[in-house]
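Trainee: Here it is, the structure, as structure tokens.
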Amino acid sequence: MELTYDPESDAVYIALKGHGIEILSASEHLGFKEKTPEIDIHNLKPVTV
């Protein structure tokens, strides 16, 4: 799974095994208050790509 945030379009992209989910107006829907939002990760090992 890969999560990507594009601050220019204020969109979050979630890629799951070749399929994707796009969340537009992410700041409004997910409560982001900054250009580089932080998320909590539980029971997953984060990797940097």
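The chains in the structure tokens are called A, B, ... from first to last as shown; in each chain the residues are counted from 1, and the ligands are counted from 1 in the order shown.
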List every residue of chain A that DSSP, applied to the backbone of this structure, places in strand (DSSP E), and write the result as a list of chain:residue names.
Mentor: A:Glu2, A:Leu3, A:Thr4, A:Tyr5, A:Asp6, A:Ala11, A:Val12, A:Tyr13, A:Ile14, A:Ala15, A:Leu16, A:His19, A:Gly20, A:Ile21, A:Glu22, A:Ile23, A:Leu24
Trainee: Would you please give, as a ChimeraX atom specification, all residues of chain A that DSSP assigns to helix (DSSP H, G or I) based on the backbone?
Mentor: /A:26-30
Trainee: Let's have the selection written as a compact mmCIF listing (two decimals), in the first residue's frame, with C-alpha atoms.
Mentor:
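Final output, again.txt:
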```
# COMPACT_ATOMS: atom_id res chain seq x y z
CA ALA A 26 -8.25 16.13 1.46
CA SER A 27 -7.76 19.03 3.87
CA GLU A 28 -11.51 19.28 4.32
CA HIS A 29 -12.31 15.55 4.46
CA LEU A 30 -9.29 14.36 6.45
```
Trainee: Could you pull the residues within 8 Å of A:Tyr13, counting only C-alpha atoms, minus those fewer than 5 positions along the same chain, as a ChimeraX atom specification?
Mentor: /A:2-5,20-23
Trainee: Limited to C-alpha atoms, could you put the picked residues into a file as a PDB file, in the first residue's frame?
Mentor:
```
ATOM      1  CA  GLU A   2       1.239   3.481  -0.793  1.00  0.00           C
ATOM      2  CA  LEU A   3      -0.128   6.818   0.419  1.00  0.00           C
ATOM      3  CA  THR A   4       0.727  10.033  -1.421  1.00  0.00           C
ATOM      4  CA  TYR A   5      -0.400  13.591  -0.706  1.00  0.00           C
ATOM      5  CA  GLY A  20      -6.180   3.377  -6.529  1.00  0.00           C
ATOM      6  CA  ILE A  21      -8.368   5.579  -4.414  1.00  0.00           C
ATOM      7  CA  GLU A  22      -8.274   9.353  -4.821  1.00  0.00           C
ATOM      8  CA  ILE A  23      -9.518  11.699  -2.101  1.00  0.00           C
TER       9      ILE A  23
END
```
Trainee: Counting only C-alpha atoms, what is within 12 Å of stretch 37-40 of chain A, bar same-chain residues fewer than 2 positions away, as a list in words?
Mentor: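 Result of the neighbour search: Leu3, Thr4, Tyr5, Asp6, Pro7, Asp10, Ala11, Val12, Ala26, Ser27, Leu30, Gly31, Phe32, Lys33, Glu34, Lys35, His42, Asn43, Leu44, Lys45 and Pro46 of chain A.
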Trainee: How would the residues just picked look written out with N, CA and C atoms as an mmCIF file, in the first residue's frame?
Mentor:
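New file part_25.cif:
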```
data_model
loop_
_atom_site.group_PDB
_atom_site.id
_atom_site.type_symbol
_atom_site.label_atom_id
_atom_site.label_comp_id
_atom_site.auth_asym_id
_atom_site.auth_seq_id
_atom_site.Cartn_x
_atom_site.Cartn_y
_atom_site.Cartn_z
ATOM 1 N N LEU A 3 0.647 5.603 0.224
ATOM 2 C CA LEU A 3 -0.128 6.818 0.419
ATOM 3 C C LEU A 3 0.679 7.993 -0.105
ATOM 4 N N THR A 4 0.054 8.864 -0.884
ATOM 5 C CA THR A 4 0.727 10.033 -1.421
ATOM 6 C C THR A 4 -0.188 11.235 -1.265
ATOM 7 N N TYR A 5 0.370 12.355 -0.814
ATOM 8 C CA TYR A 5 -0.400 13.591 -0.706
ATOM 9 C C TYR A 5 0.168 14.607 -1.674
ATOM 10 N N ASP A 6 -0.689 15.213 -2.497
ATOM 11 C CA ASP A 6 -0.291 16.251 -3.435
ATOM 12 C C ASP A 6 -0.854 17.576 -2.940
ATOM 13 N N PRO A 7 -0.007 18.434 -2.344
ATOM 14 C CA PRO A 7 -0.513 19.678 -1.787
ATOM 15 C C PRO A 7 -1.039 20.656 -2.837
ATOM 16 N N ASP A 10 -4.397 19.294 -3.416
ATOM 17 C CA ASP A 10 -5.007 18.921 -2.137
ATOM 18 C C ASP A 10 -5.710 17.567 -2.256
ATOM 19 N N ALA A 11 -4.947 16.590 -2.757
ATOM 20 C CA ALA A 11 -5.503 15.254 -2.971
ATOM 21 C C ALA A 11 -4.622 14.199 -2.319
ATOM 22 N N VAL A 12 -5.261 13.167 -1.792
ATOM 23 C CA VAL A 12 -4.557 12.005 -1.256
ATOM 24 C C VAL A 12 -4.809 10.851 -2.213
ATOM 25 N N ALA A 26 -8.712 16.918 0.321
ATOM 26 C CA ALA A 26 -8.250 16.126 1.459
ATOM 27 C C ALA A 26 -8.207 16.939 2.748
ATOM 28 N N SER A 27 -7.818 18.200 2.658
ATOM 29 C CA SER A 27 -7.761 19.027 3.866
ATOM 30 C C SER A 27 -9.112 19.084 4.559
ATOM 31 N N LEU A 30 -10.173 15.069 5.524
ATOM 32 C CA LEU A 30 -9.293 14.357 6.449
ATOM 33 C C LEU A 30 -8.755 15.247 7.561
ATOM 34 N N GLY A 31 -9.132 16.522 7.551
ATOM 35 C CA GLY A 31 -8.735 17.418 8.622
ATOM 36 C C GLY A 31 -7.293 17.881 8.571
ATOM 37 N N PHE A 32 -6.671 17.858 7.377
ATOM 38 C CA PHE A 32 -5.301 18.341 7.251
ATOM 39 C C PHE A 32 -5.280 19.845 7.448
ATOM 40 N N LYS A 33 -4.328 20.328 8.231
ATOM 41 C CA LYS A 33 -4.228 21.751 8.485
ATOM 42 C C LYS A 33 -2.936 22.351 7.933
ATOM 43 N N GLU A 34 -2.044 21.518 7.440
ATOM 44 C CA GLU A 34 -0.749 21.983 6.937
ATOM 45 C C GLU A 34 -0.502 21.430 5.539
ATOM 46 N N LYS A 35 0.490 22.005 4.854
ATOM 47 C CA LYS A 35 0.857 21.519 3.517
ATOM 48 C C LYS A 35 1.518 20.148 3.567
ATOM 49 N N HIS A 42 -0.717 2.566 12.634
ATOM 50 C CA HIS A 42 -0.845 1.547 13.680
ATOM 51 C C HIS A 42 -0.724 0.150 13.074
ATOM 52 N N ASN A 43 0.079 -0.673 13.700
ATOM 53 C CA ASN A 43 0.256 -2.078 13.304
ATOM 54 C C ASN A 43 0.747 -2.255 11.877
ATOM 55 N N LEU A 44 1.495 -1.274 11.366
ATOM 56 C CA LEU A 44 2.119 -1.348 10.046
ATOM 57 C C LEU A 44 3.547 -0.856 10.171
ATOM 58 N N LYS A 45 4.426 -1.399 9.363
ATOM 59 C CA LYS A 45 5.813 -0.959 9.368
ATOM 60 C C LYS A 45 5.997 0.054 8.228
ATOM 61 N N PRO A 46 6.253 1.332 8.548
ATOM 62 C CA PRO A 46 6.440 2.328 7.493
ATOM 63 C C PRO A 46 7.804 2.169 6.826
#
```
